[in-house]
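Participant: Before we start, here is the structure in question, set down as structure tokens.
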Amino acid sequence: MLFHRHKETQPRRMAWNPEEETPVIRCSICTGEQVAGFQHKSDGRFVPVQLLQSERDLDDFRARYGLEGQEIKKIY
């Protein structure tokens, strides 16, 4: 009998508005960590969505939000 079984789930898709938000990758200068998310155009606030550990993670992010072929800006 398993008491602490973890369920494998897909990351939830967040609704985003292309007129108000821009897809970006926030990169850490110190550690090199990269996080994909959306930046509000009005105030520059960043909303993290997914940690990027490989190129496949970036491809998954692009596919989930329909960003294939679109250049994603990096912010530091």
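By order in the structure tokens, chains are A, B, ...; within a chain, residues start at 1; ligands start at 1, following the order shown.
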Could you pull the residues within 10 Å of Glu33 of chain A, counting only C-alpha atoms, minus those fewer than 5 positions along the same chain, as a PyMOL selection string?
Facilitator: chain A and resi 25-28+51-53
Participant: Hey, what's within 12 Å of Ala36 of chain A if we count only C-alpha atoms and toss same-chain stuff fewer than 4 positions away? As a ChimeraX atom specification, please?
Facilitator: /A:22-28,46-55,57-62,64-65,72-75
Participant: Grab the residues selected above and save them as a compact mmCIF listing (two decimals), in the first residue's frame with N, CA and C atoms.
Facilitator:
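Full text of selection23.txt as output:
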```txt
# COMPACT_ATOMS: atom_id res chain seq x y z
N THR A 22 4.71 40.03 -23.05
CA THR A 22 5.70 39.59 -24.02
C THR A 22 6.39 38.34 -23.47
N PRO A 23 6.55 37.28 -24.26
CA PRO A 23 7.30 36.11 -23.78
C PRO A 23 8.79 36.44 -23.71
N VAL A 24 9.41 36.13 -22.57
CA VAL A 24 10.83 36.40 -22.37
C VAL A 24 11.46 35.23 -21.61
N ILE A 25 12.79 35.21 -21.64
CA ILE A 25 13.58 34.26 -20.84
C ILE A 25 14.43 35.10 -19.90
N ARG A 26 14.23 34.90 -18.59
CA ARG A 26 15.02 35.62 -17.60
C ARG A 26 16.24 34.77 -17.26
N CYS A 27 17.43 35.34 -17.43
CA CYS A 27 18.68 34.62 -17.21
C CYS A 27 19.41 35.22 -16.02
N SER A 28 19.96 34.36 -15.17
CA SER A 28 20.77 34.80 -14.05
C SER A 28 22.22 34.95 -14.51
N PHE A 46 7.66 40.56 -14.22
CA PHE A 46 7.92 39.25 -14.82
C PHE A 46 7.10 38.19 -14.11
N VAL A 47 6.41 37.35 -14.88
CA VAL A 47 5.63 36.24 -14.34
C VAL A 47 6.31 34.95 -14.80
N PRO A 48 6.97 34.22 -13.87
CA PRO A 48 7.66 32.98 -14.27
C PRO A 48 6.67 31.87 -14.57
N VAL A 49 7.01 31.04 -15.57
CA VAL A 49 6.15 29.94 -15.97
C VAL A 49 6.88 28.61 -15.87
N GLN A 50 8.13 28.54 -16.37
CA GLN A 50 8.81 27.26 -16.46
C GLN A 50 10.31 27.44 -16.36
N LEU A 51 10.95 26.58 -15.55
CA LEU A 51 12.40 26.54 -15.47
C LEU A 51 12.94 25.83 -16.71
N LEU A 52 13.95 26.41 -17.34
CA LEU A 52 14.54 25.83 -18.54
C LEU A 52 15.86 25.16 -18.18
N GLN A 53 15.88 23.83 -18.26
CA GLN A 53 17.10 23.09 -17.97
C GLN A 53 17.73 22.51 -19.22
N SER A 54 16.99 22.48 -20.32
CA SER A 54 17.53 21.97 -21.58
C SER A 54 16.80 22.65 -22.74
N GLU A 55 17.29 22.38 -23.93
CA GLU A 55 16.67 22.92 -25.14
C GLU A 55 15.26 22.36 -25.32
N ASP A 57 13.10 21.78 -22.96
CA ASP A 57 12.19 22.57 -22.13
C ASP A 57 11.75 23.83 -22.86
N LEU A 58 12.67 24.47 -23.57
CA LEU A 58 12.33 25.66 -24.35
C LEU A 58 11.38 25.31 -25.48
N ASP A 59 11.61 24.19 -26.14
CA ASP A 59 10.72 23.73 -27.21
C ASP A 59 9.32 23.45 -26.67
N ASP A 60 9.24 22.84 -25.48
CA ASP A 60 7.94 22.58 -24.85
C ASP A 60 7.21 23.87 -24.52
N PHE A 61 7.95 24.87 -24.01
CA PHE A 61 7.36 26.18 -23.69
C PHE A 61 6.80 26.83 -24.96
N ARG A 62 7.58 26.80 -26.02
CA ARG A 62 7.13 27.39 -27.29
C ARG A 62 5.89 26.68 -27.84
N ARG A 64 3.64 24.90 -26.12
CA ARG A 64 2.50 25.07 -25.23
C ARG A 64 1.80 26.42 -25.45
N TYR A 65 2.57 27.46 -25.76
CA TYR A 65 2.00 28.79 -25.92
C TYR A 65 1.94 29.27 -27.36
N ILE A 72 12.42 34.78 -28.85
CA ILE A 72 12.11 35.11 -27.46
C ILE A 72 13.28 35.89 -26.89
N LYS A 73 13.02 37.09 -26.42
CA LYS A 73 14.04 37.98 -25.89
C LYS A 73 14.54 37.48 -24.54
N LYS A 74 15.84 37.64 -24.28
CA LYS A 74 16.43 37.31 -22.98
C LYS A 74 16.61 38.58 -22.17
N ILE A 75 16.23 38.51 -20.89
CA ILE A 75 16.46 39.63 -19.98
C ILE A 75 17.37 39.16 -18.85
```
Participant: As an mmCIF file with C-alpha atoms, in the first residue's frame, please: every residue in chain A that DSSP puts in alpha helix (DSSP H).
Facilitator:
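Final output, out18.cif:
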```
data_model
loop_
_atom_site.group_PDB
_atom_site.id
_atom_site.type_symbol
_atom_site.label_atom_id
_atom_site.label_comp_id
_atom_site.auth_asym_id
_atom_site.auth_seq_id
_atom_site.Cartn_x
_atom_site.Cartn_y
_atom_site.Cartn_z
ATOM 1 C CA GLU A 55 16.670 22.925 -25.139
ATOM 2 C CA ARG A 56 13.732 20.513 -24.960
ATOM 3 C CA ASP A 57 12.187 22.566 -22.131
ATOM 4 C CA LEU A 58 12.325 25.662 -24.346
ATOM 5 C CA ASP A 59 10.724 23.734 -27.212
ATOM 6 C CA ASP A 60 7.942 22.576 -24.850
ATOM 7 C CA PHE A 61 7.361 26.176 -23.693
ATOM 8 C CA ARG A 62 7.125 27.390 -27.290
ATOM 9 C CA ALA A 63 4.744 24.578 -28.283
ATOM 10 C CA ARG A 64 2.496 25.069 -25.233
ATOM 11 C CA TYR A 65 1.997 28.794 -25.916
#
```
Participant: Do a neighbour search on Asn17 of chain A at 12 Å with only C-alpha atoms, toss out local chain neighbours closer than 3 positions, and write the hits as a list in words.
Facilitator: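 Counting only C-alpha atoms, the residues come to Met14, Glu20, Glu21, Thr22, Pro23, Phe38, Gln39, His40, Lys41 and Tyr65 of chain A.
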Participant: Looking at only C-alpha atoms, which of A:Glu68, A:Gly37, A:Gly32, A:Ser42 is the one that sits closest to Glu19 of chain A?
Facilitator: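 The shortest atom-to-atom distance to Glu19 of chain A comes from A:Ser42.
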Participant: In segment 8-66 of chain A, what's strand (DSSP E) per DSSP? Answer as a ChimeraX atom specification?
Facilitator: /A:21-27,34-40,46-52
Participant: Could you save the residues just selected, with C-alpha atoms, as a PDB file, in the first residue's frame?
Facilitator:
```pdb
ATOM      1  CA  GLU A  21       2.521  40.578 -22.202  1.00  0.00           C
ATOM      2  CA  THR A  22       5.696  39.591 -24.017  1.00  0.00           C
ATOM      3  CA  PRO A  23       7.296  36.113 -23.781  1.00  0.00           C
ATOM      4  CA  VAL A  24      10.831  36.397 -22.366  1.00  0.00           C
ATOM      5  CA  ILE A  25      13.575  34.263 -20.838  1.00  0.00           C
ATOM      6  CA  ARG A  26      15.022  35.621 -17.596  1.00  0.00           C
ATOM      7  CA  CYS A  27      18.678  34.618 -17.209  1.00  0.00           C
ATOM      8  CA  GLN A  34      17.041  30.383 -17.136  1.00  0.00           C
ATOM      9  CA  VAL A  35      13.318  30.799 -16.519  1.00  0.00           C
ATOM     10  CA  ALA A  36      10.747  31.219 -19.285  1.00  0.00           C
ATOM     11  CA  GLY A  37       7.781  33.460 -18.609  1.00  0.00           C
ATOM     12  CA  PHE A  38       5.948  36.612 -19.575  1.00  0.00           C
ATOM     13  CA  GLN A  39       6.793  40.253 -18.967  1.00  0.00           C
ATOM     14  CA  HIS A  40       4.036  42.850 -18.656  1.00  0.00           C
ATOM     15  CA  PHE A  46       7.920  39.251 -14.822  1.00  0.00           C
ATOM     16  CA  VAL A  47       5.625  36.235 -14.337  1.00  0.00           C
ATOM     17  CA  PRO A  48       7.656  32.982 -14.266  1.00  0.00           C
ATOM     18  CA  VAL A  49       6.146  29.937 -15.971  1.00  0.00           C
ATOM     19  CA  GLN A  50       8.814  27.258 -16.461  1.00  0.00           C
ATOM     20  CA  LEU A  51      12.399  26.538 -15.468  1.00  0.00           C
ATOM     21  CA  LEU A  52      14.537  25.828 -18.539  1.00  0.00           C
TER      22      LEU A  52
END
```
